$ cat target00.tsv   # TSV, C-alpha atoms and all ligand atoms
chain	number	residue	atom	x	y	z
A	1	MET	CA	123.84	100.72	104.50
A	2	LYS	CA	125.22	100.97	100.96
A	3	ILE	CA	123.61	102.96	98.19
A	4	SER	CA	124.05	101.25	94.82
A	5	ASN	CA	125.17	103.15	91.71
A	6	LYS	CA	121.70	102.78	90.24
A	7	GLU	CA	120.07	104.22	93.37
A	8	TYR	CA	122.61	107.02	93.42
A	9	GLU	CA	121.64	107.91	89.86
A	10	LYS	CA	117.92	107.59	90.56
A	11	PHE	CA	118.04	109.93	93.55
A	12	SER	CA	120.89	112.15	92.26
A	13	LYS	CA	118.76	115.30	91.90
A	14	GLN	CA	117.87	115.17	95.61
A	15	ILE	CA	121.20	113.81	96.89
A	16	ILE	CA	122.91	116.81	95.29
A	17	LEU	CA	120.98	119.10	97.66
A	18	LYS	CA	123.11	119.98	100.67
A	19	LYS	CA	120.25	119.35	103.08
A	20	PHE	CA	119.84	115.81	101.67
A	21	GLY	CA	123.25	114.43	100.77
A	22	ILE	CA	124.05	110.72	101.01
A	23	MET	CA	123.32	110.75	104.73
A	24	GLY	CA	119.84	112.19	104.11
A	25	GLN	CA	119.13	109.57	101.45
A	26	LYS	CA	120.19	106.83	103.85
A	27	LYS	CA	117.76	108.23	106.45
A	28	ILE	CA	114.96	108.18	103.86
A	29	ILE	CA	115.73	104.57	102.90
A	30	ALA	CA	115.81	103.55	106.58
A	31	SER	CA	112.50	105.29	107.42
A	32	LYS	CA	109.24	103.49	108.13
A	33	ILE	CA	106.18	105.54	107.27
A	34	LEU	CA	102.55	104.54	107.77
A	35	VAL	CA	99.78	105.86	105.49
A	36	LEU	CA	96.34	105.51	107.05
A	37	GLY	CA	93.74	105.68	104.27
A	38	MET	CA	94.39	105.15	100.55
A	39	GLY	CA	91.97	107.80	99.32
A	40	GLY	CA	92.52	111.14	97.63
A	41	LEU	CA	95.25	112.08	100.13
A	42	GLY	CA	96.88	108.69	100.57
A	43	CYS	CA	97.41	108.23	96.80
A	44	PRO	CA	99.69	111.23	96.10
A	45	LEU	CA	101.27	110.83	99.54
A	46	SER	CA	102.33	107.22	98.95
A	47	ILE	CA	103.46	107.92	95.37
A	48	TYR	CA	105.81	110.64	96.63
A	49	LEU	CA	107.08	108.54	99.54
A	50	ALA	CA	108.01	105.75	97.12
A	51	SER	CA	109.52	108.19	94.60
A	52	LEU	CA	111.69	109.72	97.32
A	53	GLY	CA	113.01	106.29	98.25
A	54	VAL	CA	111.27	105.61	101.58
A	55	GLY	CA	112.30	102.08	102.58
A	56	THR	CA	109.14	100.87	104.32
A	57	ILE	CA	105.64	102.15	103.61
A	58	GLY	CA	102.65	100.73	105.48
A	59	ILE	CA	99.26	101.25	103.82
A	60	VAL	CA	95.98	100.78	105.67
A	61	ASP	CA	92.56	100.60	103.98
A	62	ASN	CA	89.80	98.01	103.76
A	63	ASP	CA	87.88	99.55	100.86
A	64	LYS	CA	87.56	98.41	97.27
A	65	ILE	CA	88.06	100.79	94.36
A	66	GLU	CA	84.87	102.40	93.02
A	67	LEU	CA	84.26	104.39	89.86
A	68	SER	CA	83.57	107.54	91.92
A	69	ASN	CA	87.10	107.33	93.44
A	70	LEU	CA	88.89	107.80	90.14
A	71	ASN	CA	88.55	111.61	89.88
A	72	ARG	CA	91.07	112.05	92.71
A	73	GLN	CA	92.62	108.73	93.75
A	74	ILE	CA	95.31	108.99	91.11
A	75	ILE	CA	97.04	105.69	91.75
A	76	PHE	CA	93.99	103.75	90.46
A	77	ASP	CA	92.39	103.39	87.01
A	78	THR	CA	89.22	101.85	85.54
A	79	SER	CA	90.75	98.37	85.31
A	80	ASP	CA	91.15	98.40	89.12
A	81	ILE	CA	87.45	98.87	89.97
A	82	GLY	CA	86.18	96.27	92.42
A	83	LYS	CA	89.65	95.33	93.66
A	84	TYR	CA	91.05	96.11	97.10
A	85	LYS	CA	92.84	99.46	97.26
A	86	VAL	CA	95.83	98.16	99.23
A	87	ASP	CA	96.44	95.29	96.77
A	88	ILE	CA	96.50	97.60	93.74
A	89	ALA	CA	98.41	100.35	95.57
A	90	LYS	CA	101.12	97.87	96.63
A	91	LYS	CA	101.62	96.76	92.99
A	92	LYS	CA	101.73	100.30	91.64
A	93	ILE	CA	103.93	101.74	94.37
A	94	ASN	CA	106.41	98.94	93.77
A	95	LYS	CA	106.51	99.87	90.09
A	96	ILE	CA	107.64	103.35	91.15
A	97	ASN	CA	110.23	102.00	93.58
A	98	LYS	CA	110.69	98.26	93.74
A	99	LYS	CA	112.98	98.65	96.75
A	100	SER	CA	110.23	100.14	98.93
A	101	LYS	CA	108.87	97.45	101.21
A	102	ILE	CA	105.09	97.87	101.12
A	103	VAL	CA	103.22	96.51	104.13
A	104	PRO	CA	99.48	96.34	103.35
A	105	PHE	CA	96.81	96.18	106.05
A	106	LYS	CA	93.39	95.26	104.58
A	107	ILE	CA	91.64	96.32	107.73
A	108	ARG	CA	89.65	99.14	109.28
A	109	LEU	CA	91.58	100.75	112.12
A	110	ASN	CA	89.99	100.41	115.57
A	111	LYS	CA	91.05	100.53	119.19
A	112	ASN	CA	91.75	96.79	119.28
A	113	ASN	CA	94.10	96.63	116.27
A	114	ILE	CA	95.73	100.07	116.37
A	115	GLU	CA	98.74	99.00	118.43
A	116	LYS	CA	99.56	96.10	116.10
A	117	ILE	CA	99.32	98.32	113.02
A	118	ILE	CA	100.96	101.57	114.12
A	119	GLY	CA	103.49	100.28	116.64
A	120	LYS	CA	106.45	99.57	114.32
A	121	PHE	CA	106.29	102.78	112.26
A	122	ASP	CA	108.24	106.00	112.96
A	123	ILE	CA	105.99	108.58	111.31
A	124	ILE	CA	102.22	108.19	111.09
A	125	CYS	CA	100.25	109.92	108.32
A	126	ASP	CA	96.56	110.34	108.97
A	127	SER	CA	94.80	110.51	105.58
A	128	THR	CA	91.49	109.13	106.82
A	129	ASP	CA	88.09	110.66	106.22
A	130	ASN	CA	86.31	110.66	109.56
A	131	PHE	CA	86.74	112.28	112.97
A	132	GLN	CA	86.28	109.11	114.98
A	133	THR	CA	89.38	107.47	113.44
A	134	ARG	CA	91.25	110.79	113.51
A	135	LEU	CA	90.80	111.10	117.30
A	136	LEU	CA	91.71	107.42	117.83
A	137	ILE	CA	94.96	107.90	115.87
A	138	ASN	CA	95.73	111.16	117.70
A	139	ASP	CA	95.28	109.61	121.15
A	140	TYR	CA	97.41	106.57	120.30
A	141	CYS	CA	100.24	108.58	118.69
A	142	LEU	CA	100.32	110.90	121.72
A	143	LYS	CA	100.53	107.95	124.10
A	144	GLN	CA	103.33	106.33	122.06
A	145	LYS	CA	105.17	109.65	121.42
A	146	LYS	CA	105.04	109.25	117.62
A	147	ILE	CA	105.24	111.94	114.96
A	148	LEU	CA	101.74	112.41	113.50
A	149	ILE	CA	101.18	114.26	110.25
A	150	SER	CA	97.49	114.70	109.79
A	151	ALA	CA	95.67	115.95	106.68
A	152	ALA	CA	92.02	116.61	105.92
A	153	VAL	CA	90.03	117.86	102.94
A	154	SER	CA	86.46	118.94	102.36
A	155	GLY	CA	84.92	120.94	99.53
A	156	PHE	CA	87.56	123.42	98.35
A	157	ASN	CA	89.46	123.42	101.65
A	158	GLY	CA	92.36	121.44	102.99
A	159	GLN	CA	94.13	121.33	106.36
A	160	LEU	CA	97.47	120.01	107.45
A	161	PHE	CA	98.79	119.44	111.00
A	162	LYS	CA	102.04	118.12	112.40
A	163	PHE	CA	102.29	116.85	115.94
A	164	ASP	CA	105.66	115.78	117.29
A	165	PHE	CA	104.57	114.04	120.45
A	166	LYS	CA	108.15	113.64	121.63
A	167	LYS	CA	107.75	117.30	122.62
A	168	LYS	CA	105.17	119.21	124.65
A	169	THR	CA	102.53	120.12	122.09
A	170	PRO	CA	98.79	120.59	121.70
A	171	CYS	CA	97.13	117.52	120.17
A	172	PHE	CA	94.30	117.18	117.64
A	173	ARG	CA	91.84	116.68	120.50
A	174	CYS	CA	92.87	120.07	121.97
A	175	PHE	CA	91.55	121.55	118.73
A	176	MET	CA	88.60	119.16	118.24
A	177	PRO	CA	87.62	117.64	121.63
A	178	ASP	CA	84.74	115.50	120.34
A	179	ILE	CA	83.31	114.15	117.13
A	180	PRO	CA	81.26	117.01	115.63
A	181	ASP	CA	77.53	116.43	115.07
A	182	ARG	CA	77.97	116.83	111.33
A	183	ASN	CA	80.73	114.33	110.62
A	184	GLN	CA	81.76	115.72	107.24
A	185	ASN	CA	83.54	113.56	104.71
A	186	CYS	CA	83.92	113.37	100.93
A	187	ASP	CA	80.84	111.17	100.58
A	188	THR	CA	78.51	113.70	102.17
A	189	GLU	CA	80.19	117.03	101.44
A	190	GLY	CA	82.03	116.46	98.15
A	191	VAL	CA	85.62	117.44	97.51
A	192	THR	CA	87.51	119.06	94.67
A	193	PRO	CA	90.05	116.56	93.30
A	194	THR	CA	93.00	118.93	93.09
A	195	ILE	CA	92.80	119.89	96.78
A	196	THR	CA	93.47	116.25	97.68
A	197	GLY	CA	96.56	116.37	95.43
A	198	VAL	CA	97.82	119.62	96.97
A	199	ILE	CA	97.30	118.56	100.59
A	200	GLY	CA	98.48	114.94	100.08
A	201	THR	CA	101.66	116.28	98.49
A	202	LEU	CA	102.19	118.76	101.34
A	203	GLN	CA	101.76	115.86	103.74
A	204	ALA	CA	104.54	113.99	101.91
A	205	ASN	CA	106.64	117.16	102.05
A	206	GLU	CA	106.23	117.34	105.83
A	207	VAL	CA	107.17	113.64	106.14
A	208	LEU	CA	110.35	114.47	104.26
A	209	ASN	CA	111.07	117.45	106.56
A	210	SER	CA	110.57	115.17	109.55
A	211	ILE	CA	112.88	112.42	108.23
A	212	LEU	CA	115.63	114.92	107.42
A	213	ARG	CA	114.93	116.90	110.60
A	214	LEU	CA	114.41	120.10	108.62
A	215	LYS	CA	112.45	122.40	110.86
A	216	SER	CA	109.25	123.65	109.24
A	217	ASN	CA	106.94	126.21	110.79
A	218	LEU	CA	104.07	123.78	111.03
A	219	GLU	CA	104.51	122.61	114.62
A	220	LYS	CA	101.75	123.85	116.96
A	221	LYS	CA	99.96	125.27	113.93
A	222	MET	CA	97.32	124.23	111.45
A	223	MET	CA	97.86	125.08	107.80
A	224	ILE	CA	94.73	125.89	105.83
A	225	PHE	CA	94.53	126.08	102.04
A	226	ASN	CA	91.58	127.21	99.95
A	227	SER	CA	91.82	126.13	96.34
A	228	ILE	CA	89.61	128.92	94.96
A	229	LYS	CA	91.25	131.86	96.69
A	230	MET	CA	94.65	130.11	96.49
A	231	ASP	CA	95.38	131.33	100.02
A	232	PHE	CA	97.60	129.48	102.41
A	233	ARG	CA	97.26	130.54	106.01
A	234	LYS	CA	98.33	129.19	109.38
A	235	VAL	CA	96.41	129.20	112.63
A	236	HIS	CA	98.18	128.80	115.96
A	237	LEU	CA	97.03	125.80	118.03
A	238	SER	CA	96.99	126.11	121.81
A	239	ILE	CA	96.94	123.49	124.51
A	240	ASN	CA	93.36	123.06	125.67
A	241	LYS	CA	93.36	122.73	129.46
A	242	LYS	CA	90.17	120.65	129.24
A	243	CYS	CA	91.73	118.16	126.77
A	244	THR	CA	91.07	114.63	128.06
A	245	ASN	CA	94.64	113.71	127.03
A	246	LYS	CA	95.88	116.16	129.71
A	247	CYS	CA	98.14	117.93	127.19
B	301	ZN	ZN	95.26	117.63	123.69
$ encode --input "target00.tsv" --output "structure tokens" --more "lines below"
Ligand SMILES: [Zn+2]
Amino acid sequence: MKISNKEYEKFSKQIILKKFGIMGQKKIIASKILVLGMGGLGCPLSIYLASLGVGTIGIVDNDKIELSNLNRQIIFDTSDIGKYKVDIAKKKINKINKKSKIVPFKIRLNKNNIEKIIGKFDIICDSTDNFQTRLLINDYCLKQKKILISAAVSGFNGQLFKFDFKKKTPCFRCFMPDIPDRNQNCDTEGVTPTITGVIGTLQANEVLNSILRLKSNLEKKMMIFNSIKMDFRKVHLSINKKCTNKC
């Protein structure tokens, strides 16, 4: 793979970093990242992936843009209301990096289509807003030994997880065995817009660490951020012997 002079200039401030270099940039260009959910998390996440130079970005969402999305879904504006999120996101992401191949899936993920959607991607980013989909993604990524970077937000709180299922690790179901009775999401609980920006950006950061194989301290842990107290903390995740995935 050759990096053109223009690309070299575009990415020069990251290529100059020893931990990136030309080899790192080539890895980024060769990577295939899937973003599940183009909401408050998926927007900053996909913007950063394109800005970094990720070569293939899959985006999955079957929703249309609504007025109430615009306080946090920063890729969209008022002229986009009523249009499909993946259509608009594809156009805008390509404006940031026209060399990123954007693969849109205007579909709601379920157990029948998950293999077709996730199969070809190296790193899977869960930016969805409900536990049912979250557990479905977890179980599939574990079975297929994918890297799963999972983010969630509610109220003033955000959480980030990384599961490298090529290794022995607890899974999301070890932490959350079943769908909780109160299935919280932004529609019912509300969310502060900036927390989606912080956590979506951290999710992109962890994708970058994974592509470049820079070891973060996130494995087997959950990172929690509260946007009022401005506290980051990490909680250790253990393998749950009762996990139905037999972790
Ligand atoms: Zn498990």
$ residues_near_ligand --input "target00.tsv" --ligand "ligand ZN 301 (chain B)" --cutoff "6 Å" --atoms "only C-alpha atoms and all ligand atoms" --output "number ranges by chain"
A: 170-171, 173-174, 243, 245, 247
$ residues_around --input "target00.tsv" --residues "Ile29 (chain A)" --least-positions-apart "2" --cutoff "7 Å" --atoms "only C-alpha atoms" --output "PDB file with C-alpha atoms, keeping the file's coordinate frame"
ATOM      1  CA  GLN A  25     119.130 109.570 101.450  1.00  0.00           C
ATOM      2  CA  LYS A  26     120.190 106.830 103.850  1.00  0.00           C
ATOM      3  CA  LYS A  27     117.760 108.230 106.450  1.00  0.00           C
ATOM      4  CA  SER A  31     112.500 105.290 107.420  1.00  0.00           C
ATOM      5  CA  GLY A  53     113.010 106.290  98.250  1.00  0.00           C
ATOM      6  CA  VAL A  54     111.270 105.610 101.580  1.00  0.00           C
ATOM      7  CA  GLY A  55     112.300 102.080 102.580  1.00  0.00           C
TER       8      GLY A  55
END
$ axis_aligned_box --input "target00.tsv" --around "region 224-237 of chain A" --padding-each-side "6 Å" --output "JSON"
{"center_x": 94.0, "center_y": 128.8, "center_z": 106.5, "size_x": 20.7, "size_y": 18.1, "size_z": 35.1}
$ atom_distance --input "target00.tsv" --atom1 "CA of Ser68 (chain A)" --atom2 "CA of Gly190 (chain A)"
11.0 Å
$ closest_residue --input "target00.tsv" --among "A:Leu202, A:Asn97, A:Asn62, A:Lys215" --to "Pro44 (chain A)" --atoms "only C-alpha atoms"
A:Leu202
$ residues_around --input "target00.tsv" --residues "Gly158 (chain A)" --least-positions-apart "3" --cutoff "6 Å" --atoms "only C-alpha atoms" --output "PDB file with C-alpha atoms, keeping the file's coordinate frame"
ATOM      1  CA  ALA A 152      92.020 116.610 105.920  1.00  0.00           C
ATOM      2  CA  VAL A 153      90.030 117.860 102.940  1.00  0.00           C
ATOM      3  CA  ILE A 224      94.730 125.890 105.830  1.00  0.00           C
ATOM      4  CA  PHE A 225      94.530 126.080 102.040  1.00  0.00           C
TER       5      PHE A 225
END
$ closest_residue --input "target00.tsv" --among "A:Cys125, A:Lys10, A:Gly40, A:Asp77" --to "Val60 (chain A)" --atoms "all atoms listed in the file"
A:Cys125
$ residues_around --input "target00.tsv" --residues "Val198 (chain A)" --least-positions-apart "4" --cutoff "12 Å" --atoms "all atoms listed in the file" --output "PyMOL selection string"
chain A and resi 40-45+72+151-153+156-160+192-194+202-205+224-227+230+232
$ closest_residue --input "target00.tsv" --among "A:Ser46, A:Lys146, A:Asp63, A:Thr56" --to "Ile102 (chain A)" --atoms "only C-alpha atoms"
A:Thr56
$ build_atoms --input "target00.tsv" --residues "region 187-216 of chain A" --atoms "N, CA and C atoms" --output "short mmCIF file (atom, residue, chain, number, x, y, z; two decimals), in the frame of the given file"
data_model
loop_
_atom_site.label_atom_id
_atom_site.label_comp_id
_atom_site.auth_asym_id
_atom_site.auth_seq_id
_atom_site.Cartn_x
_atom_site.Cartn_y
_atom_site.Cartn_z
N ASP A 187 82.08 111.77 101.06
CA ASP A 187 80.84 111.17 100.58
C ASP A 187 79.66 112.11 100.76
N THR A 188 79.66 112.84 101.89
CA THR A 188 78.51 113.70 102.17
C THR A 188 78.71 115.12 101.67
N GLU A 189 79.94 115.61 101.72
CA GLU A 189 80.19 117.03 101.44
C GLU A 189 80.75 117.27 100.04
N GLY A 190 81.35 116.27 99.43
CA GLY A 190 82.03 116.46 98.15
C GLY A 190 83.41 117.07 98.37
N VAL A 191 84.26 116.90 97.40
CA VAL A 191 85.62 117.44 97.51
C VAL A 191 86.15 117.70 96.11
N THR A 192 86.91 118.79 95.97
CA THR A 192 87.51 119.06 94.67
C THR A 192 88.78 118.21 94.53
N PRO A 193 88.96 117.54 93.39
CA PRO A 193 90.05 116.56 93.30
C PRO A 193 91.43 117.16 93.51
N THR A 194 91.65 118.38 93.01
CA THR A 194 93.00 118.93 93.09
C THR A 194 93.41 119.27 94.52
N ILE A 195 92.42 119.57 95.39
CA ILE A 195 92.80 119.89 96.78
C ILE A 195 93.41 118.65 97.44
N THR A 196 92.90 117.47 97.09
CA THR A 196 93.47 116.25 97.68
C THR A 196 94.92 116.07 97.21
N GLY A 197 95.18 116.45 95.94
CA GLY A 197 96.56 116.37 95.43
C GLY A 197 97.48 117.34 96.12
N VAL A 198 97.00 118.58 96.32
CA VAL A 198 97.82 119.62 96.97
C VAL A 198 98.13 119.20 98.41
N ILE A 199 97.11 118.83 99.15
CA ILE A 199 97.30 118.56 100.59
C ILE A 199 98.05 117.23 100.80
N GLY A 200 97.75 116.21 99.98
CA GLY A 200 98.48 114.94 100.08
C GLY A 200 99.96 115.13 99.79
N THR A 201 100.26 116.01 98.83
CA THR A 201 101.66 116.28 98.49
C THR A 201 102.35 117.07 99.61
N LEU A 202 101.63 118.02 100.20
CA LEU A 202 102.19 118.76 101.34
C LEU A 202 102.45 117.82 102.52
N GLN A 203 101.57 116.85 102.66
CA GLN A 203 101.76 115.86 103.74
C GLN A 203 103.06 115.08 103.49
N ALA A 204 103.29 114.67 102.25
CA ALA A 204 104.54 113.99 101.91
C ALA A 204 105.74 114.90 102.16
N ASN A 205 105.57 116.18 101.84
CA ASN A 205 106.64 117.16 102.05
C ASN A 205 107.00 117.26 103.54
N GLU A 206 105.97 117.22 104.39
CA GLU A 206 106.23 117.34 105.83
C GLU A 206 106.83 116.04 106.38
N VAL A 207 106.50 114.90 105.78
CA VAL A 207 107.17 113.64 106.14
C VAL A 207 108.66 113.78 105.84
N LEU A 208 108.96 114.29 104.66
CA LEU A 208 110.35 114.47 104.26
C LEU A 208 111.08 115.40 105.23
N ASN A 209 110.47 116.54 105.57
CA ASN A 209 111.07 117.45 106.56
C ASN A 209 111.35 116.72 107.87
N SER A 210 110.42 115.87 108.27
CA SER A 210 110.57 115.17 109.55
C SER A 210 111.70 114.15 109.49
N ILE A 211 111.80 113.42 108.37
CA ILE A 211 112.88 112.42 108.23
C ILE A 211 114.24 113.12 108.26
N LEU A 212 114.34 114.22 107.53
CA LEU A 212 115.63 114.92 107.42
C LEU A 212 115.86 115.90 108.57
N ARG A 213 114.89 115.96 109.47
CA ARG A 213 114.93 116.90 110.60
C ARG A 213 115.13 118.34 110.14
N LEU A 214 114.43 118.70 109.08
CA LEU A 214 114.41 120.10 108.62
C LEU A 214 113.24 120.75 109.32
N LYS A 215 113.50 121.83 110.01
CA LYS A 215 112.45 122.40 110.86
C LYS A 215 111.49 123.26 110.04
N SER A 216 110.25 122.82 109.92
CA SER A 216 109.25 123.65 109.24
C SER A 216 108.55 124.50 110.30
#
